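Have a look at upload_36.cif; it's mmCIF, C-alpha atoms:
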```cif
data_target
loop_
_atom_site.label_atom_id
_atom_site.label_comp_id
_atom_site.auth_asym_id
_atom_site.auth_seq_id
_atom_site.Cartn_x
_atom_site.Cartn_y
_atom_site.Cartn_z
CA MET A 18 17.25 -24.44 11.01
CA SER A 19 20.46 -24.10 12.99
CA SER A 20 20.81 -21.61 15.85
CA MET A 21 22.99 -19.42 13.64
CA MET A 22 20.32 -19.33 10.93
CA TRP A 23 17.72 -18.38 13.54
CA VAL A 24 19.91 -15.48 14.63
CA GLN A 25 20.30 -14.40 11.00
CA ALA A 26 16.53 -14.70 10.41
CA ILE A 27 15.84 -12.52 13.46
CA GLY A 28 18.41 -10.00 12.21
CA ILE A 29 16.75 -9.81 8.79
CA LEU A 30 13.33 -9.42 10.47
CA VAL A 31 14.61 -6.59 12.66
CA VAL A 32 16.07 -4.78 9.64
CA PHE A 33 12.80 -5.31 7.80
CA LEU A 34 10.73 -3.85 10.67
CA ILE A 35 13.05 -0.89 11.23
CA PHE A 36 13.11 0.12 7.58
CA SER A 37 9.36 -0.44 7.25
CA ALA A 38 8.80 1.93 10.16
CA LEU A 39 11.19 4.48 8.66
CA MET A 40 9.33 4.38 5.33
CA MET A 41 5.89 4.50 6.95
CA THR A 42 6.82 7.53 9.05
CA ARG A 43 8.62 9.16 6.11
CA LYS A 44 11.89 9.32 8.03
CA LEU A 45 13.69 7.63 5.13
CA PRO A 46 12.67 7.82 1.45
CA THR A 47 11.74 4.49 -0.11
CA ILE A 48 14.16 5.18 -2.94
CA LEU A 49 17.02 4.89 -0.39
CA ALA A 50 15.44 2.34 1.95
CA LEU A 51 15.09 -0.44 -0.63
CA PRO A 52 18.74 -0.69 -1.74
CA SER A 53 19.83 -0.24 1.89
CA MET A 54 17.71 -3.23 2.92
CA ALA A 55 19.09 -5.27 0.04
CA ILE A 56 22.64 -4.64 1.20
CA LEU A 57 21.88 -5.33 4.87
CA PHE A 58 19.97 -8.54 4.08
CA ALA A 59 22.97 -9.76 2.11
CA ILE A 60 25.47 -8.86 4.84
CA ILE A 61 23.41 -10.56 7.57
CA ALA A 62 23.02 -13.71 5.43
CA GLY A 63 26.76 -13.83 4.75
CA VAL A 64 26.68 -13.04 1.03
CA PRO A 65 30.31 -12.34 0.02
CA TRP A 66 31.30 -9.08 -1.66
CA SER A 67 32.85 -10.98 -4.59
CA SER A 68 33.81 -14.53 -5.50
CA SER A 69 36.10 -16.30 -7.94
CA THR A 70 33.31 -18.85 -8.50
CA PRO A 71 30.96 -17.56 -11.24
CA ASP A 72 27.86 -19.27 -9.86
CA THR A 73 28.20 -17.83 -6.35
CA ALA A 74 25.80 -14.98 -5.49
CA THR A 75 27.75 -11.89 -4.47
CA LEU A 76 26.90 -8.48 -3.07
CA SER A 77 28.78 -6.54 -5.75
CA GLY A 78 27.72 -8.64 -8.73
CA THR A 79 24.39 -10.33 -8.06
CA ILE A 80 22.74 -7.70 -5.87
CA LEU A 81 24.20 -4.34 -6.85
CA ALA A 82 25.18 -4.79 -10.50
CA GLN A 83 22.65 -7.35 -11.71
CA GLY A 84 19.97 -6.15 -9.30
CA SER A 85 20.10 -2.60 -10.64
CA MET A 86 19.29 -4.03 -14.08
CA ARG A 87 16.79 -6.66 -12.86
CA LEU A 88 13.79 -4.55 -13.85
CA SER A 89 15.23 -3.28 -17.13
CA THR A 90 12.08 -4.33 -19.01
CA ALA A 91 9.92 -2.47 -16.52
CA ILE A 92 12.17 0.60 -16.68
CA ALA A 93 11.94 0.67 -20.48
CA GLY A 94 8.17 0.24 -20.30
CA LEU A 95 7.87 3.08 -17.81
CA ILE A 96 9.95 5.42 -19.97
CA PHE A 97 7.96 4.65 -23.12
CA GLY A 98 4.69 4.94 -21.21
CA ALA A 99 5.64 8.37 -19.88
CA TRP A 100 6.69 9.40 -23.39
CA PHE A 101 3.30 8.34 -24.73
CA GLY A 102 1.52 10.27 -22.00
CA GLN A 103 3.36 13.46 -22.85
CA ILE A 104 2.51 13.03 -26.53
CA LEU A 105 -1.19 12.78 -25.64
CA ASN A 106 -0.84 15.93 -23.58
CA LYS A 107 1.05 17.96 -26.16
CA VAL A 108 -1.31 17.25 -29.05
CA GLY A 109 -4.30 18.14 -26.86
CA ILE A 110 -5.97 14.73 -26.65
CA THR A 111 -6.02 14.56 -22.83
CA LYS A 112 -7.85 17.86 -22.41
CA SER A 113 -10.16 17.13 -25.33
CA ILE A 114 -11.34 13.86 -23.78
CA ILE A 115 -12.07 15.61 -20.48
CA ARG A 116 -14.00 18.41 -22.17
CA LYS A 117 -16.07 15.92 -24.18
CA ALA A 118 -17.01 14.14 -20.95
CA ALA A 119 -17.98 17.43 -19.29
CA GLU A 120 -20.18 18.39 -22.25
CA LEU A 121 -21.96 15.03 -22.15
CA ALA A 122 -22.65 15.22 -18.40
CA GLY A 123 -24.24 18.67 -18.43
CA ASP A 124 -25.33 19.79 -14.94
CA LYS A 125 -25.94 16.36 -13.36
CA PRO A 126 -23.43 15.88 -10.49
CA VAL A 127 -23.68 12.08 -10.32
CA LEU A 128 -23.29 11.73 -14.08
CA ILE A 129 -20.38 14.20 -14.07
CA ALA A 130 -18.60 12.18 -11.35
CA LEU A 131 -19.11 8.86 -13.14
CA LEU A 132 -18.12 10.19 -16.56
CA PHE A 133 -14.97 11.77 -15.16
CA PHE A 134 -14.17 8.50 -13.38
CA VAL A 135 -14.40 6.62 -16.69
CA THR A 136 -12.63 9.35 -18.66
CA ALA A 137 -9.73 9.73 -16.25
CA SER A 138 -9.38 5.94 -16.01
CA VAL A 139 -8.93 5.78 -19.79
CA ILE A 140 -6.34 8.58 -19.67
CA PHE A 141 -4.39 6.95 -16.83
CA SER A 142 -4.42 3.63 -18.69
CA ALA A 143 -2.19 5.36 -21.23
CA ALA A 144 -0.16 7.60 -18.94
CA SER A 145 0.39 7.60 -15.19
CA GLY A 146 2.64 9.48 -12.81
CA LEU A 147 2.17 12.57 -10.67
CA GLY A 148 2.51 14.96 -13.61
CA MET A 149 -0.44 13.41 -15.43
CA VAL A 150 -2.50 13.27 -12.22
CA ILE A 151 -1.91 16.99 -11.71
CA LEU A 152 -2.75 17.76 -15.33
CA VAL A 153 -6.03 15.84 -15.23
CA GLY A 154 -6.87 16.90 -11.68
CA THR A 155 -6.48 20.60 -12.29
CA ILE A 156 -9.09 20.30 -15.07
CA ILE A 157 -11.70 17.92 -13.66
CA ILE A 158 -11.67 18.84 -9.97
CA PRO A 159 -12.75 22.49 -10.46
CA ILE A 160 -15.53 21.30 -12.79
CA MET A 161 -16.77 18.82 -10.19
CA LEU A 162 -16.61 21.35 -7.35
CA THR A 163 -18.51 23.91 -9.41
CA ALA A 164 -21.14 21.25 -10.18
CA GLY A 165 -21.79 20.83 -6.46
CA ILE A 166 -19.71 17.71 -5.90
CA SER A 167 -18.06 17.64 -2.48
CA GLN A 168 -14.30 18.07 -2.08
CA PHE A 169 -14.00 14.54 -0.73
CA LEU A 170 -15.89 12.99 -3.64
CA ALA A 171 -13.90 14.98 -6.19
CA SER A 172 -10.78 13.52 -4.59
CA VAL A 173 -12.23 10.00 -4.68
CA VAL A 174 -13.15 10.26 -8.37
CA LEU A 175 -9.58 11.14 -9.29
CA LEU A 176 -7.93 8.61 -6.97
CA THR A 177 -10.12 5.66 -8.01
CA SER A 178 -9.52 6.47 -11.66
CA VAL A 179 -5.78 6.36 -10.95
CA GLY A 180 -6.25 2.89 -9.42
CA VAL A 181 -8.20 1.59 -12.41
CA GLY A 182 -5.91 3.23 -14.95
CA VAL A 183 -2.78 1.75 -13.42
CA LEU A 184 -4.19 -1.77 -13.82
CA PHE A 185 -4.65 -1.27 -17.57
CA ASN A 186 -1.47 0.76 -18.08
CA VAL A 187 0.68 -1.71 -19.99
CA SER A 188 3.89 0.13 -19.12
CA ASN A 189 3.43 -0.95 -15.48
CA TRP A 190 2.97 -4.64 -16.28
CA ALA A 191 6.67 -5.15 -16.91
CA VAL A 192 7.30 -5.19 -13.15
CA TYR A 193 5.43 -8.49 -12.94
CA VAL A 194 7.18 -9.75 -16.08
CA ASP A 195 10.60 -9.11 -14.56
CA VAL A 196 9.89 -10.26 -11.00
CA MET A 197 7.65 -13.28 -11.72
CA GLY A 198 9.07 -14.30 -15.09
CA LEU A 199 5.61 -14.23 -16.67
CA PRO A 200 4.87 -13.29 -20.30
CA VAL A 201 2.95 -10.07 -20.94
CA SER A 202 0.05 -12.06 -22.38
CA THR A 203 -0.43 -13.87 -19.06
CA VAL A 204 -0.50 -10.60 -17.13
CA ALA A 205 -3.10 -9.32 -19.61
CA ASP A 206 -5.25 -12.45 -19.23
CA TYR A 207 -5.70 -11.86 -15.49
CA THR A 208 -6.15 -8.08 -15.57
CA LEU A 209 -9.95 -8.11 -15.45
CA ILE A 210 -9.90 -10.14 -12.23
CA ALA A 211 -8.11 -7.27 -10.50
CA ALA A 212 -9.85 -4.47 -12.40
CA LEU A 213 -13.54 -5.31 -12.76
CA PRO A 214 -14.39 -5.52 -9.02
CA LEU A 215 -12.47 -2.27 -8.45
CA ILE A 216 -14.44 -0.55 -11.22
CA VAL A 217 -17.80 -1.74 -9.86
CA ILE A 218 -17.02 -0.93 -6.22
CA SER A 219 -15.60 2.48 -7.19
CA MET A 220 -18.74 3.39 -9.13
CA ILE A 221 -20.97 2.28 -6.24
CA MET A 222 -18.85 4.32 -3.83
CA ILE A 223 -19.01 7.38 -6.10
CA VAL A 224 -22.80 7.18 -6.38
CA PHE A 225 -23.13 6.62 -2.62
CA TYR A 226 -21.08 9.67 -1.68
CA ALA A 227 -22.58 11.77 -4.48
CA ARG A 228 -26.06 11.15 -3.08
CA ARG A 229 -24.90 11.91 0.43
CA ASP A 230 -22.47 14.79 -0.06
CA GLY A 231 -23.64 16.55 -3.26
CA ARG A 232 -24.73 20.22 -3.11
CA GLY A 233 -26.25 20.65 -6.58
CA ARG A 234 -24.83 24.02 -7.57
CA LYS A 235 -24.72 25.27 -11.14
CA ALA A 236 -22.30 23.44 -13.44
CA TRP A 237 -19.41 25.10 -15.20
CA ALA A 238 -20.19 25.60 -18.88
CA MET A 239 -17.40 24.15 -21.00
CA PRO A 240 -16.29 25.60 -24.32
CA ALA A 241 -17.73 24.01 -27.45
CA THR A 242 -14.38 23.33 -29.06
CA SER A 243 -11.31 21.53 -27.80
CA PRO A 244 -8.25 23.35 -29.05
CA THR A 245 -4.81 21.89 -28.77
CA PRO A 246 -1.95 23.88 -27.25
CA GLU A 247 -1.22 24.91 -30.83
CA GLY A 248 -4.74 26.34 -31.23
CA ARG A 249 -6.01 23.53 -33.48
CA LYS A 250 -9.09 21.43 -32.86
CA VAL A 251 -8.38 17.76 -32.12
CA PRO A 252 -10.14 15.41 -34.57
CA THR A 253 -12.71 13.25 -32.80
CA ILE A 254 -11.14 10.06 -34.15
CA ALA A 255 -7.89 10.98 -32.36
CA LEU A 256 -9.60 10.56 -28.97
CA ILE A 257 -9.24 6.77 -29.26
CA SER A 258 -5.43 7.12 -29.11
CA PRO A 259 -5.03 6.27 -25.38
CA LEU A 260 -6.61 2.86 -26.00
CA VAL A 261 -4.30 1.84 -28.85
CA PRO A 262 -1.47 0.32 -26.71
CA VAL A 263 -4.00 -1.51 -24.52
CA ILE A 264 -5.69 -2.97 -27.61
CA MET A 265 -2.33 -4.00 -29.08
CA VAL A 266 -1.47 -5.95 -25.91
CA PHE A 267 -4.89 -7.48 -25.25
CA ALA A 268 -5.96 -8.27 -28.81
CA PHE A 269 -2.62 -9.00 -30.49
CA LYS A 270 -0.54 -10.20 -27.50
CA MET A 271 2.10 -7.61 -28.36
CA ASP A 272 4.99 -6.72 -26.05
CA ILE A 273 4.80 -3.47 -24.12
CA VAL A 274 7.37 -1.27 -25.90
CA PRO A 275 6.20 -1.93 -29.49
CA ALA A 276 2.58 -1.50 -28.37
CA VAL A 277 3.38 1.94 -26.94
CA ILE A 278 5.36 2.93 -30.04
CA ILE A 279 2.40 1.99 -32.25
CA GLY A 280 0.18 4.03 -29.95
CA ALA A 281 2.47 7.04 -30.31
CA VAL A 282 2.57 6.74 -34.11
CA ALA A 283 -1.23 6.34 -34.26
CA THR A 284 -1.64 9.44 -32.09
CA LEU A 285 0.47 11.55 -34.45
CA LEU A 286 -1.28 10.23 -37.54
CA LEU A 287 -4.75 10.83 -36.10
CA SER A 288 -4.06 14.27 -34.62
CA TRP A 289 -1.40 15.46 -37.08
CA PRO A 290 0.30 18.20 -35.01
CA LYS A 291 2.23 20.98 -36.72
CA ARG A 292 5.66 19.87 -35.49
CA PRO A 293 5.54 16.10 -34.98
CA VAL A 294 9.31 15.67 -34.61
CA HIS A 295 9.42 18.30 -31.87
CA VAL A 296 6.45 16.64 -30.13
CA LEU A 297 8.22 13.28 -30.16
CA SER A 298 11.58 14.56 -28.90
CA SER A 299 10.31 16.95 -26.23
CA SER A 300 7.79 14.39 -24.97
CA LEU A 301 10.55 11.84 -24.44
CA VAL A 302 12.67 14.24 -22.37
CA GLU A 303 9.74 15.51 -20.30
CA GLY A 304 8.35 12.01 -19.88
CA ILE A 305 11.63 10.78 -18.40
CA GLN A 306 11.61 13.74 -16.01
CA ASP A 307 8.10 12.80 -14.90
CA VAL A 308 9.04 9.23 -13.96
CA ALA A 309 12.58 9.82 -12.65
CA GLY A 310 11.52 8.96 -9.10
CA ALA A 311 9.78 5.77 -10.20
CA LEU A 312 12.86 4.75 -12.18
CA GLY A 313 14.95 5.10 -9.04
CA LEU A 314 12.45 2.98 -7.12
CA MET A 315 12.65 0.25 -9.77
CA ILE A 316 16.43 0.08 -9.43
CA GLY A 317 16.03 -0.35 -5.67
CA ILE A 318 13.29 -2.95 -6.12
CA GLY A 319 15.53 -4.93 -8.46
CA MET A 320 18.33 -4.95 -5.89
CA LEU A 321 15.94 -6.06 -3.14
CA VAL A 322 14.46 -8.84 -5.29
CA ASN A 323 17.93 -10.16 -6.13
CA ALA A 324 18.89 -9.95 -2.45
CA VAL A 325 15.96 -11.99 -1.16
CA MET A 326 16.41 -14.51 -3.99
CA ALA A 327 20.12 -15.01 -3.30
CA PRO A 328 20.62 -18.62 -2.11
CA GLN A 329 22.18 -17.46 1.17
CA VAL A 330 19.17 -15.27 2.01
CA THR A 331 16.56 -17.71 0.69
CA ALA A 332 17.93 -20.49 2.90
CA ILE A 333 17.24 -18.32 5.94
CA ILE A 334 13.89 -16.79 4.98
CA SER A 335 12.20 -19.65 3.10
CA PRO A 336 11.32 -21.73 6.21
CA VAL A 337 9.59 -18.68 7.72
CA ILE A 338 7.73 -17.87 4.49
CA GLU A 339 6.65 -21.50 4.02
CA SER A 340 5.07 -21.50 7.49
CA VAL A 341 2.69 -18.67 6.56
CA LEU A 342 2.23 -19.44 2.86
CA PRO A 343 -1.48 -19.86 1.96
CA ASN A 344 -1.85 -23.32 0.45
CA SER A 345 -5.60 -23.53 -0.17
CA PRO A 346 -8.14 -21.33 -1.99
CA LEU A 347 -9.76 -20.23 1.29
CA MET A 348 -6.45 -19.35 2.93
CA TYR A 349 -5.36 -17.56 -0.25
CA ILE A 350 -8.51 -15.41 -0.10
CA LEU A 351 -8.34 -14.70 3.62
CA PHE A 352 -4.59 -14.11 3.74
CA PHE A 353 -4.43 -11.42 1.08
CA THR A 354 -7.80 -9.82 1.90
CA ILE A 355 -7.12 -9.43 5.62
CA LEU A 356 -3.54 -8.29 5.03
CA SER A 357 -4.36 -6.00 2.06
CA PRO A 358 -3.98 -2.84 4.23
CA LEU A 359 -0.28 -3.79 4.46
CA ALA A 360 0.01 -2.38 0.94
CA ILE A 361 -0.31 1.17 2.34
CA TYR A 362 2.34 3.18 4.18
CA ARG A 363 5.01 1.46 2.05
CA GLY A 364 4.17 -1.81 3.77
CA PRO A 365 5.33 -5.34 2.88
CA LEU A 366 2.63 -5.86 0.22
CA ASN A 367 3.35 -2.60 -1.60
CA VAL A 368 4.49 -3.41 -5.13
CA TRP A 369 6.55 -0.19 -5.17
CA GLY A 370 8.32 -1.21 -1.99
CA LEU A 371 8.79 -4.55 -0.29
CA GLY A 372 5.96 -6.26 -2.14
CA SER A 373 7.99 -7.40 -5.13
CA GLY A 374 10.55 -9.03 -2.86
CA ILE A 375 7.86 -10.71 -0.75
CA ALA A 376 6.14 -12.01 -3.90
CA ALA A 377 9.43 -13.42 -5.16
CA LEU A 378 9.83 -15.24 -1.83
CA PHE A 379 6.31 -16.65 -2.12
CA VAL A 380 7.16 -18.01 -5.56
CA GLY A 381 10.39 -19.46 -4.24
CA ALA A 382 8.47 -21.12 -1.39
CA GLY A 383 6.07 -22.86 -3.76
CA MET A 384 3.29 -20.44 -4.75
CA THR A 385 2.67 -20.32 -8.49
CA PRO A 386 3.92 -17.12 -10.20
CA ILE A 387 0.39 -16.43 -11.51
CA ALA A 388 -1.11 -16.64 -8.01
CA ALA A 389 1.58 -14.33 -6.59
CA MET A 390 1.24 -11.85 -9.45
CA LEU A 391 -2.54 -11.74 -9.15
CA ALA A 392 -2.49 -11.26 -5.38
CA LEU A 393 0.05 -8.46 -5.65
CA ARG A 394 -1.98 -6.68 -8.35
CA VAL A 395 -5.21 -7.00 -6.39
CA VAL A 396 -3.86 -5.64 -3.09
CA SER A 397 -2.17 -2.81 -5.01
CA ASN A 398 -5.68 -1.39 -5.52
CA VAL A 399 -5.73 -0.49 -1.83
CA GLN A 400 -2.39 1.25 -2.18
CA ALA A 401 -3.28 3.14 -5.36
CA VAL A 402 -6.47 4.67 -3.93
CA SER A 403 -6.06 4.93 -0.15
CA ASP A 404 -2.35 5.21 0.65
CA PRO A 405 -1.56 8.59 2.30
CA THR A 406 2.10 8.22 1.33
CA ASN A 407 1.31 8.33 -2.41
CA SER A 408 2.48 11.56 -3.97
CA HIS A 409 -0.76 11.79 -5.94
CA ASN A 410 -2.86 11.35 -2.76
CA VAL A 411 -0.91 14.16 -1.10
CA TRP A 412 -1.41 16.45 -4.08
CA VAL A 413 -5.14 15.68 -4.42
CA ALA A 414 -5.80 16.27 -0.71
CA ASP A 415 -3.93 19.57 -0.83
CA PHE A 416 -5.63 20.72 -4.05
CA THR A 417 -9.15 19.94 -2.78
CA LYS A 418 -8.38 21.05 0.79
CA SER A 419 -9.38 17.62 2.08
CA ASP A 420 -7.99 15.64 5.02
CA ILE A 421 -5.72 12.94 3.59
CA ASN A 422 -6.37 10.64 6.56
CA GLU A 423 -10.12 11.12 6.11
CA ILE A 424 -9.71 9.92 2.51
CA LEU A 425 -7.91 6.83 3.86
CA LYS A 426 -10.59 6.04 6.46
CA ARG A 427 -13.53 6.52 4.11
CA THR A 428 -12.09 4.67 1.09
CA LEU A 429 -10.30 1.76 2.80
CA PRO A 430 -13.41 -0.37 3.58
CA TRP A 431 -14.56 -0.05 -0.04
CA MET A 432 -11.14 -1.02 -1.37
CA VAL A 433 -10.91 -4.05 0.94
CA ALA A 434 -14.34 -5.12 -0.35
CA ALA A 435 -13.02 -4.89 -3.92
CA VAL A 436 -9.97 -6.95 -2.89
CA LEU A 437 -12.22 -9.64 -1.38
CA ILE A 438 -14.26 -9.98 -4.58
CA SER A 439 -11.11 -10.13 -6.73
CA MET A 440 -9.46 -12.68 -4.44
CA VAL A 441 -12.51 -14.97 -4.55
CA TRP A 442 -12.54 -14.72 -8.33
CA GLY A 443 -8.78 -15.15 -8.46
CA ALA A 444 -8.83 -18.23 -6.22
CA LEU A 445 -11.32 -19.87 -8.56
CA ALA A 446 -9.05 -19.05 -11.51
CA VAL A 447 -5.65 -20.13 -10.15
CA PHE A 448 -6.41 -23.07 -7.83
#
```
Transcribe the structure of this file into structure tokens.
Amino acid sequence: MSSMMWVQAIGILVVFLIFSALMMTRKLPTILALPSMAILFAIIAGVPWSSSTPDTATLSGTILAQGSMRLSTAIAGLIFGAWFGQILNKVGITKSIIRKAAELAGDKPVLIALLFFVTASVIFSAASGLGMVILVGTIIIPIMLTAGISQFLASVVLLTSVGVGVLFNVSNWAVYVDVMGLPVSTVADYTLIAALPLIVISMIMIVFYARRDGRGRKAWAMPATSPTPEGRKVPTIALISPLVPVIMVFAFKMDIVPAVIIGAVATLLLSWPKRPVHVLSSSLVEGIQDVAGALGLMIGIGMLVNAVMAPQVTAIISPVIESVLPNSPLMYILFFTILSPLAIYRGPLNVWGLGSGIAALFVGAGMTPIAAMLALRVVSNVQAVSDPTNSHNVWVADFTKSDINEILKRTLPWMVAAVLISMVWGALAVF
């Protein structure tokens, strides 16, 4: 590298560190930090604003215009996923599933915690976002607290179920499709590597803290029926609805949007609400409102990915990335396990922040797209459960009156253990 390129590399690193610190300390929202970094990276690397040569990467065209549409598949998947989640809510399926789990558990705190972990994971596999976390949390947390489960453990049950649900939520997979250029079927094939260790470790953690923190008070008796908001009982068969899109993708290798649409149609046919057209239309509007912030993040992520993949920027960063790129199974395991805490506080391995751009650089430097995708999904488990900057972590800690930093300290070792198991399994699969 020339002296000028070293100066540019240092400039990009300084911008990266400054904006990382601003995001970690919440001085600057991520939704603004990501496009700002994309622009500054391009300016430092000498990317022109425009060019008469069509193949030349430009700030106005490649980064701002094309970058804002880079994750269009992911944006569509997120919108349809949020729509599906609202449909499940409006026809009463979400609450019915939770009530069924509570009835099965009776007054056994450990069983209640585990059943709610499984139940909420299924719900979040169909619909994610803060709105759905609040909806589910306001139902299951009071039940758990009344059953004698500690405030901390009630928080952990909800947060770990969010982590598991996100891995199976097909509407979130499109991020990896857009950034890594992988087909949906490939993302599906490697999902269990990221999910199964998290499920096992989460259940062990729940049992551990239930034994240690439980108080054993009387459980809250749940009603025998599960009425919908319209006052109608949800047919039992309709409770399989959240799994329909997941089955469509896993079993039939279907793309995300048609899988979600089939799930929505199946939900209406199985539950048969009084006003199906109104349910469909209002769910779409409210679903978009629920994920508006995430949509903004995806636009910023797309700009950042296009910025770091611009030839002018890649020429500067690639030599640095290549020097730290793990090139053996052991280094792959150690690198991502040790650095997995960098997924929290909007760090460089956070898929909803810098992580997508870093992964794109890894691919550009020689790592296979499958290896990069798998590593990013695995370390995202730390972020989904332990990150104090997550909106759902903030809400859960406030609702249960728990210390959000205590949740981080007590869950992080368990999540890193899950990452280690997944990375060992993943290294055997991709190398």
(message) Running the PyMOL selection byres ((chain A and resi 365) around 12) on this model by hand, what would come out? Give it as a PyMOL selection string.
(response) chain A and resi 30+33-34+36-38+40-41+51+353+356-364+366-376+378+393+396-397+400
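Pairwise distance (CA of Ser113 (chain A), CA of Met161 (chain A)) equals 16.6 Å.
Straight-line separation from CA of Gly280 (chain A) to CA of Pro259 (chain A): 7.3 Å.
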(request) Please write as an NGL selection string the full residue list that the PyMOL selection byres ((chain A and resi 78) around 12) yields on this file. (result) :A and (56 or 59 or 64-77 or 79-87 or 320 or 323-324 or 327)
(message) Excluding Ser142 (chain A) and its own-chain neighbours fewer than 3 positions away, which residues fall within 7 Å of it when counting all atoms listed in the file? Please give them as a VMD selection string.
(response) chain A and resid 138 to 139 182 to 183 185 to 186
(message) Taking the file as I've supplied it (selection: the PyMOL selection byres ((chain A and resi 446) around 10)), which residues are included? Please answer as number ranges by chain.
(response) A: 207, 210, 346, 387-388, 440-445, 447-448
Expected answer as a PDB file with C-alpha atoms, in the frame of the given file: all residues with atoms within 12 Å of (4.4, 13.2, -35.2), all atoms listed in the file:
```pdb
ATOM      1  CA  PHE A 101       3.300   8.340 -24.730  1.00  0.00           C
ATOM      2  CA  ILE A 104       2.510  13.030 -26.530  1.00  0.00           C
ATOM      3  CA  LEU A 105      -1.190  12.780 -25.640  1.00  0.00           C
ATOM      4  CA  LYS A 107       1.050  17.960 -26.160  1.00  0.00           C
ATOM      5  CA  VAL A 108      -1.310  17.250 -29.050  1.00  0.00           C
ATOM      6  CA  ILE A 278       5.360   2.930 -30.040  1.00  0.00           C
ATOM      7  CA  ILE A 279       2.400   1.990 -32.250  1.00  0.00           C
ATOM      8  CA  GLY A 280       0.180   4.030 -29.950  1.00  0.00           C
ATOM      9  CA  ALA A 281       2.470   7.040 -30.310  1.00  0.00           C
ATOM     10  CA  VAL A 282       2.570   6.740 -34.110  1.00  0.00           C
ATOM     11  CA  ALA A 283      -1.230   6.340 -34.260  1.00  0.00           C
ATOM     12  CA  THR A 284      -1.640   9.440 -32.090  1.00  0.00           C
ATOM     13  CA  LEU A 285       0.470  11.550 -34.450  1.00  0.00           C
ATOM     14  CA  LEU A 286      -1.280  10.230 -37.540  1.00  0.00           C
ATOM     15  CA  LEU A 287      -4.750  10.830 -36.100  1.00  0.00           C
ATOM     16  CA  SER A 288      -4.060  14.270 -34.620  1.00  0.00           C
ATOM     17  CA  TRP A 289      -1.400  15.460 -37.080  1.00  0.00           C
ATOM     18  CA  PRO A 290       0.300  18.200 -35.010  1.00  0.00           C
ATOM     19  CA  LYS A 291       2.230  20.980 -36.720  1.00  0.00           C
ATOM     20  CA  ARG A 292       5.660  19.870 -35.490  1.00  0.00           C
ATOM     21  CA  PRO A 293       5.540  16.100 -34.980  1.00  0.00           C
ATOM     22  CA  VAL A 294       9.310  15.670 -34.610  1.00  0.00           C
ATOM     23  CA  HIS A 295       9.420  18.300 -31.870  1.00  0.00           C
ATOM     24  CA  VAL A 296       6.450  16.640 -30.130  1.00  0.00           C
ATOM     25  CA  LEU A 297       8.220  13.280 -30.160  1.00  0.00           C
ATOM     26  CA  SER A 298      11.580  14.560 -28.900  1.00  0.00           C
ATOM     27  CA  SER A 299      10.310  16.950 -26.230  1.00  0.00           C
ATOM     28  CA  SER A 300       7.790  14.390 -24.970  1.00  0.00           C
TER      29      SER A 300
END
```
